[in-house]
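Here is the file final.pdb (PDB, C-alpha atoms and all ligand atoms).
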ATOM      1  CA  MET A   1     -18.914 -34.825  -3.697
ATOM      2  CA  LYS A   2     -21.946 -35.640  -5.846
ATOM      3  CA  ASP A   3     -24.653 -32.994  -6.378
ATOM      4  CA  PHE A   4     -28.354 -33.953  -6.522
ATOM      5  CA  HIS A   5     -30.478 -31.989  -8.979
ATOM      6  CA  PRO A   6     -33.262 -32.820 -11.441
ATOM      7  CA  SER A   7     -31.523 -31.328 -14.452
ATOM      8  CA  GLY A   8     -29.072 -28.675 -15.448
ATOM      9  CA  THR A   9     -25.494 -28.033 -16.361
ATOM     10  CA  LEU A  10     -22.297 -27.503 -14.384
ATOM     11  CA  LEU A  11     -22.525 -23.706 -14.442
ATOM     12  CA  ASP A  12     -26.177 -23.063 -13.663
ATOM     13  CA  PHE A  13     -26.407 -19.586 -12.126
ATOM     14  CA  GLU A  14     -30.208 -19.590 -12.353
ATOM     15  CA  LYS A  15     -30.848 -22.764 -10.331
ATOM     16  CA  GLY A  16     -27.668 -23.207  -8.318
ATOM     17  CA  CYS A  17     -24.355 -24.941  -8.852
ATOM     18  CA  ALA A  18     -21.000 -25.673  -7.256
ATOM     19  CA  ILE A  19     -17.637 -25.343  -8.913
ATOM     20  CA  ASP A  20     -14.509 -27.256  -7.988
ATOM     21  CA  PHE A  21     -11.667 -24.776  -8.279
ATOM     22  CA  SER A  22      -9.179 -27.570  -7.504
ATOM     23  CA  LEU A  23      -6.714 -25.241  -5.862
ATOM     24  CA  LYS A  24      -4.679 -27.944  -4.177
ATOM     25  CA  ASN A  25      -1.727 -27.301  -6.440
ATOM     26  CA  GLY A  26      -2.277 -23.575  -6.710
ATOM     27  CA  LEU A  27      -3.919 -23.769 -10.118
ATOM     28  CA  SER A  28      -7.488 -24.427 -11.114
ATOM     29  CA  GLU A  29      -7.730 -27.508 -13.276
ATOM     30  CA  THR A  30     -11.450 -27.382 -14.025
ATOM     31  CA  VAL A  31     -12.275 -23.730 -14.729
ATOM     32  CA  GLU A  32     -10.503 -21.569 -17.307
ATOM     33  CA  THR A  33      -8.629 -18.575 -15.904
ATOM     34  CA  GLY A  34      -7.679 -15.176 -17.249
ATOM     35  CA  LYS A  35      -3.887 -14.831 -17.279
ATOM     36  CA  ARG A  36      -1.649 -11.804 -16.931
ATOM     37  CA  TYR A  37       1.944 -12.147 -18.091
ATOM     38  CA  LEU A  38       4.760  -9.749 -17.290
ATOM     39  CA  SER A  39       4.683  -8.517 -20.915
ATOM     40  CA  GLN A  40       1.091  -7.316 -20.336
ATOM     41  CA  MET A  41       2.111  -5.121 -17.380
ATOM     42  CA  LYS A  42       4.444  -2.648 -19.074
ATOM     43  CA  SER A  43       5.051   0.536 -17.036
ATOM     44  CA  MET A  44       2.935  -0.730 -14.127
ATOM     45  CA  PHE A  45       6.016  -1.463 -12.014
ATOM     46  CA  ALA A  46       8.042   1.490 -10.761
ATOM     47  CA  ASP A  47      11.450   0.331 -12.026
ATOM     48  CA  ASP A  48      11.301   0.281 -15.860
ATOM     49  CA  ALA A  49      14.936  -0.851 -16.215
ATOM     50  CA  ALA A  50      14.334  -3.807 -13.879
ATOM     51  CA  TYR A  51      11.155  -4.612 -15.839
ATOM     52  CA  GLU A  52      12.997  -4.683 -19.200
ATOM     53  CA  ALA A  53      15.838  -6.753 -17.703
ATOM     54  CA  GLU A  54      13.334  -9.217 -16.269
ATOM     55  CA  LEU A  55      11.538  -9.552 -19.629
ATOM     56  CA  LYS A  56      14.847 -10.319 -21.385
ATOM     57  CA  ASN A  57      15.019 -13.464 -19.232
ATOM     58  CA  GLY A  58      11.695 -14.505 -20.766
ATOM     59  CA  ASP A  59       8.061 -13.728 -20.138
ATOM     60  CA  LYS A  60       6.446 -15.056 -16.947
ATOM     61  CA  LEU A  61       2.968 -15.525 -15.547
ATOM     62  CA  VAL A  62       2.412 -12.903 -12.833
ATOM     63  CA  TYR A  63      -1.182 -13.718 -11.900
ATOM     64  CA  GLU A  64      -4.396 -15.390 -13.003
ATOM     65  CA  PHE A  65      -8.029 -15.251 -11.988
ATOM     66  CA  HIS A  66     -11.375 -16.887 -12.599
ATOM     67  CA  GLY A  67     -13.954 -14.986 -14.578
ATOM     68  CA  LEU A  68     -17.108 -17.076 -14.499
ATOM     69  CA  PRO A  69     -20.033 -16.393 -16.855
ATOM     70  CA  VAL A  70     -22.259 -15.165 -14.024
ATOM     71  CA  PRO A  71     -25.094 -12.943 -15.318
ATOM     72  CA  GLU A  72     -23.954  -9.359 -14.763
ATOM     73  CA  THR A  73     -27.004  -8.116 -12.866
ATOM     74  CA  ALA A  74     -27.290  -6.231  -9.570
ATOM     75  CA  GLY A  75     -28.816  -9.306  -7.946
ATOM     76  CA  ASP A  76     -26.073 -11.763  -8.926
ATOM     77  CA  LEU A  77     -22.655 -12.279  -7.326
ATOM     78  CA  MET A  78     -19.449 -12.556  -9.328
ATOM     79  CA  TYR A  79     -16.868 -14.777  -7.662
ATOM     80  CA  GLY A  80     -13.737 -16.819  -8.177
ATOM     81  CA  CYS A  81     -10.126 -17.098  -7.133
ATOM     82  CA  SER A  82      -7.157 -14.879  -7.837
ATOM     83  CA  ILE A  83      -3.654 -16.361  -7.848
ATOM     84  CA  VAL A  84      -0.601 -14.086  -7.687
ATOM     85  CA  TYR A  85       2.693 -15.920  -8.201
ATOM     86  CA  PRO A  86       5.722 -15.039  -6.079
ATOM     87  CA  GLY A  87       8.458 -12.810  -7.455
ATOM     88  CA  LYS A  88       9.599  -9.226  -7.805
ATOM     89  CA  VAL A  89      10.413  -6.628 -10.446
ATOM     90  CA  GLY A  90      13.361  -4.778  -8.947
ATOM     91  CA  SER A  91      12.353  -4.452  -5.290
ATOM     92  CA  GLU A  92       8.618  -4.353  -6.062
ATOM     93  CA  TYR A  93       6.577  -7.467  -5.365
ATOM     94  CA  HIS A  94       4.417  -9.233  -7.939
ATOM     95  CA  MET A  95       0.927  -7.774  -7.919
ATOM     96  CA  THR A  96      -2.303  -7.549  -9.859
ATOM     97  CA  LYS A  97      -2.935  -4.505 -12.062
ATOM     98  CA  GLY A  98      -5.546  -3.262  -9.604
ATOM     99  CA  HIS A  99      -8.844  -1.612 -10.455
ATOM    100  CA  PHE A 100     -11.754   0.517  -9.381
ATOM    101  CA  HIS A 101     -15.232  -0.832  -9.986
ATOM    102  CA  THR A 102     -17.025   0.875 -12.868
ATOM    103  CA  ILE A 103     -19.914   1.298 -10.432
ATOM    104  CA  LEU A 104     -17.655   2.978  -7.873
ATOM    105  CA  GLU A 105     -20.121   2.520  -5.021
ATOM    106  CA  THR A 106     -19.707  -1.283  -4.887
ATOM    107  CA  ALA A 107     -17.636  -3.196  -2.341
ATOM    108  CA  GLU A 108     -15.929  -6.613  -2.532
ATOM    109  CA  VAL A 109     -14.740  -9.328  -0.155
ATOM    110  CA  TYR A 110     -11.449 -11.244  -0.545
ATOM    111  CA  TYR A 111     -10.799 -14.330   1.575
ATOM    112  CA  CYS A 112      -7.202 -15.520   1.734
ATOM    113  CA  ILE A 113      -6.763 -19.259   1.167
ATOM    114  CA  ARG A 114      -3.007 -19.527   0.789
ATOM    115  CA  GLY A 115       0.161 -17.426   0.900
ATOM    116  CA  GLN A 116       1.265 -14.108   2.371
ATOM    117  CA  GLY A 117       0.309 -10.781   0.898
ATOM    118  CA  TYR A 118      -1.314  -7.391   1.074
ATOM    119  CA  MET A 119      -4.442  -5.813  -0.308
ATOM    120  CA  LEU A 120      -3.543  -2.256  -1.330
ATOM    121  CA  LEU A 121      -6.527   0.089  -1.176
ATOM    122  CA  GLU A 122      -6.819   3.647  -2.444
ATOM    123  CA  ASN A 123      -9.803   5.925  -3.029
ATOM    124  CA  PRO A 124     -10.001   8.853  -5.490
ATOM    125  CA  GLU A 125      -9.433  11.339  -2.637
ATOM    126  CA  GLY A 126      -6.094   9.701  -1.785
ATOM    127  CA  ASP A 127      -6.953   7.753   1.347
ATOM    128  CA  TRP A 128      -5.051   4.461   1.297
ATOM    129  CA  ARG A 129      -4.126   1.443   3.354
ATOM    130  CA  ALA A 130      -2.331  -1.863   2.892
ATOM    131  CA  ILE A 131      -4.101  -4.727   4.663
ATOM    132  CA  GLY A 132      -2.182  -7.902   5.426
ATOM    133  CA  MET A 133      -3.517 -11.168   4.003
ATOM    134  CA  GLU A 134      -2.766 -14.665   5.238
ATOM    135  CA  PRO A 135      -4.833 -17.858   5.234
ATOM    136  CA  GLY A 136      -8.102 -17.399   7.120
ATOM    137  CA  LYS A 137      -8.219 -13.593   6.858
ATOM    138  CA  ALA A 138     -11.071 -11.914   4.974
ATOM    139  CA  VAL A 139     -10.493  -8.399   3.647
ATOM    140  CA  TYR A 140     -13.408  -6.036   3.147
ATOM    141  CA  VAL A 141     -12.715  -3.750   0.198
ATOM    142  CA  PRO A 142     -15.034  -0.773   0.772
ATOM    143  CA  LYS A 143     -16.971   0.879  -2.018
ATOM    144  CA  ARG A 144     -14.984   3.623  -3.835
ATOM    145  CA  TYR A 145     -11.579   1.995  -3.200
ATOM    146  CA  ALA A 146      -9.279   0.675  -5.919
ATOM    147  CA  HIS A 147      -7.813  -2.686  -4.912
ATOM    148  CA  ARG A 148      -4.687  -4.635  -5.823
ATOM    149  CA  SER A 149      -3.394  -7.967  -4.450
ATOM    150  CA  ILE A 150       0.339  -8.186  -3.754
ATOM    151  CA  ASN A 151       2.290 -11.375  -3.023
ATOM    152  CA  VAL A 152       5.069 -10.710  -0.497
ATOM    153  CA  GLY A 153       5.857 -14.404   0.054
ATOM    154  CA  GLN A 154       9.158 -15.967  -0.976
ATOM    155  CA  ASP A 155       8.014 -19.023  -2.886
ATOM    156  CA  GLU A 156       4.276 -19.571  -2.426
ATOM    157  CA  PRO A 157       1.361 -18.353  -4.567
ATOM    158  CA  LEU A 158      -1.051 -15.891  -2.944
ATOM    159  CA  ILE A 159      -4.531 -17.357  -3.446
ATOM    160  CA  THR A 160      -7.676 -15.429  -2.560
ATOM    161  CA  PHE A 161     -11.375 -16.041  -3.113
ATOM    162  CA  PHE A 162     -13.341 -12.947  -4.125
ATOM    163  CA  VAL A 163     -17.015 -12.074  -4.424
ATOM    164  CA  PHE A 164     -18.714  -8.842  -5.499
ATOM    165  CA  ARG A 165     -21.922  -7.525  -7.040
ATOM    166  CA  ALA A 166     -21.935  -8.975 -10.537
ATOM    167  CA  ASP A 167     -22.788  -5.786 -12.410
ATOM    168  CA  ALA A 168     -20.028  -3.701 -10.745
ATOM    169  CA  GLY A 169     -17.641  -3.895 -13.717
ATOM    170  CA  HIS A 170     -13.894  -3.155 -13.811
ATOM    171  CA  ASP A 171     -12.160   0.152 -14.406
ATOM    172  CA  TYR A 172      -8.486  -0.717 -15.065
ATOM    173  CA  GLY A 173      -7.763   2.442 -17.075
ATOM    174  CA  THR A 174      -7.573   4.859 -14.154
ATOM    175  CA  ILE A 175      -4.812   2.850 -12.439
ATOM    176  CA  GLU A 176      -3.018   2.178 -15.750
ATOM    177  CA  THR A 177      -2.934   5.930 -16.428
ATOM    178  CA  LYS A 178      -2.380   7.406 -12.959
ATOM    179  CA  GLY A 179      -0.852   4.511 -11.021
ATOM    180  CA  TYR A 180      -1.238   4.022  -7.289
ATOM    181  CA  ARG A 181       0.018   6.645  -4.834
ATOM    182  CA  LYS A 182       1.805   3.937  -2.833
ATOM    183  CA  LEU A 183       3.898   0.854  -3.640
ATOM    184  CA  LEU A 184       4.814  -2.307  -1.734
ATOM    185  CA  VAL A 185       8.547  -2.977  -1.974
ATOM    186  CA  GLU A 186      11.069  -5.138  -0.188
ATOM    187  CA  GLN A 187      13.408  -3.199   2.101
ATOM    188  CA  ASN A 188      15.938  -5.100   4.246
ATOM    189  CA  GLY A 189      14.027  -8.291   3.553
ATOM    190  CA  GLU A 190      10.709  -6.866   4.785
ATOM    191  CA  PRO A 191       7.660  -5.429   3.000
ATOM    192  CA  ALA A 192       7.526  -1.627   3.151
ATOM    193  CA  VAL A 193       5.143   1.014   1.762
ATOM    194  CA  ILE A 194       6.751   3.858  -0.219
ATOM    195  CA  ASP A 195       5.487   6.719  -2.393
ATOM    196  CA  ASN A 196       5.144   5.816  -6.067
ATOM    197  CA  PRO A 197       7.593   8.033  -7.995
ATOM    198  CA  LYS A 198       5.493   7.525 -11.167
ATOM    199  CA  TRP A 199       2.159   8.587  -9.659
ATOM    200  CA  LYS A 200       0.404  11.278 -11.745
TER     201      LYS A 200
HETATM  202 MN    MN B 301     -12.884  -5.744  -7.727
END

Write the structure described by the file as structure tokens, please.
Ligand code: MN
Amino acid sequence: MKDFHPSGTLLDFEKGCAIDFSLKNGLSETVETGKRYLSQMKSMFADDAAYEAELKNGDKLVYEFHGLPVPETAGDLMYGCSIVYPGKVGSEYHMTKGHFHTILETAEVYYCIRGQGYMLLENPEGDWRAIGMEPGKAVYVPKRYAHRSINVGQDEPLITFFVFRADAGHDYGTIETKGYRKLLVEQNGEPAVIDNPKWK
């Protein structure tokens, strides 16, 4: 659909703009995405032997996400889509690395567009929950909770739209170092939550 405006560029976060994520085929065709390959997720999955075996078959794209050049101020909103591709490492489902916000006291909303998955939440005190995601469901990630998207579907990408305060920032290091307390694995063909044997 055509936009009407006196001047400006496609990505005008000062005066307003719309972006076509073109998600019909799962992938954005108009906006560049950040990409995370299996080789970039060493030691994040619980089963290191399964991880190495999987990598020997060749690297694979685990997930991607939009990172738009929104001004990183408290009054702006960062947004985009996250796409987690189906698959497992051992019995553990494909997932994002997961992160806290650098400004811990900032929340986020994820709206599920396609697929079947979970949002795994965990705060520094150890409270956790895994919230189911399917098309039409919006997950509220409270302030202070790390969050990770997990695709439990058989053959469909998990696509979510996210929006959060643009200056919140990402803290990936805490999860990379400590891990999550819980994991989502397949048991008897069903998703199950177990303790993470690697959690420090
Ligand atoms: Mn976030």

Hits from the PyMOL selection byres (((chain A and resi 163-166) around 6) and not hetatm), listed as a ChimeraX atom specification: /A:72-73,76-79,108-109,162,167-168

Pairwise distance for atom CA of Val89 of chain A and atom CA of Trp128 of chain A, rounded to one decimal in Å: 22.4 Å

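From atom CA of Lys60 of chain A back to atom CA of Ser82 of chain A, the distance works out to 16.4 Å.
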
Site check for ligand MN 301 (chain B): residues at most 12 Å away, all atoms listed in the file, as a PyMOL selection string: chain A and resi 65+67+77-82+96-110+119-121+139-149+161-172

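Distance annotation: of A:Asp47, A:Glu32, A:Glu134, A:Glu64, the residue with the minimal separation from Ser91 of chain A is A:Asp47; atom set is all atoms listed in the file.
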
With 10 Å as the cut-off and all atoms listed in the file counted, what is the closest atom pair between each nearby residue of segment 13-99 of chain A and segment 175-189 of chain A? Distances in Å to one decimal, ordered by chain and number, as a tab-separated table.
residue	atom	partner	partner_atom	distance
A:Met41	CA	A:Glu176	CA	9.1
A:Lys42	CA	A:Glu176	CA	9.5
A:Ser43	CA	A:Glu176	CA	8.3
A:Met44	CA	A:Glu176	CA	6.8
A:Phe45	CA	A:Leu183	CA	8.9
A:Ala46	CA	A:Leu183	CA	8.3
A:Lys88	CA	A:Val185	CA	8.6
A:Val89	CA	A:Val185	CA	9.4
A:Gly90	CA	A:Val185	CA	8.7
A:Ser91	CA	A:Val185	CA	5.3
A:Glu92	CA	A:Val185	CA	4.3
A:Tyr93	CA	A:Val185	CA	6.0
A:His94	CA	A:Leu184	CA	9.3
A:Met95	CA	A:Leu184	CA	9.1
A:Lys97	CA	A:Ile175	CA	7.6
A:Gly98	CA	A:Ile175	CA	6.8
A:His99	CA	A:Ile175	CA	6.3

Distance criterion (all atoms listed in the file): nearest to Tyr118 of chain A out of A:Cys17, A:Leu68, A:Ala50, A:Val193: A:Val193

Pairwise distance for atom CA of Lys35 of chain A and atom CA of Leu61 of chain A, rounded to one decimal in Å: 7.1 Å

Within 6 Å of (4.0, -14.2, -10.6), in the coordinates the file gives, what residues turn up when you count only C-alpha atoms, written out as a PDB file with C-alpha atoms, keeping the file's coordinate frame?
ATOM      1  CA  LEU A  61       2.968 -15.525 -15.547  1.00  0.00           C
ATOM      2  CA  VAL A  62       2.412 -12.903 -12.833  1.00  0.00           C
ATOM      3  CA  TYR A  63      -1.182 -13.718 -11.900  1.00  0.00           C
ATOM      4  CA  VAL A  84      -0.601 -14.086  -7.687  1.00  0.00           C
ATOM      5  CA  TYR A  85       2.693 -15.920  -8.201  1.00  0.00           C
ATOM      6  CA  PRO A  86       5.722 -15.039  -6.079  1.00  0.00           C
ATOM      7  CA  GLY A  87       8.458 -12.810  -7.455  1.00  0.00           C
ATOM      8  CA  HIS A  94       4.417  -9.233  -7.939  1.00  0.00           C
TER       9      HIS A  94
END

Option closest in space to Ala130 of chain A, from A:Gly173, A:Gly16, A:Leu158, A:Ile150 [counting only C-alpha atoms]: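 Between A:Gly173, A:Gly16, A:Leu158, A:Ile150, the residue approaching Ala130 of chain A most closely is A:Ile150.
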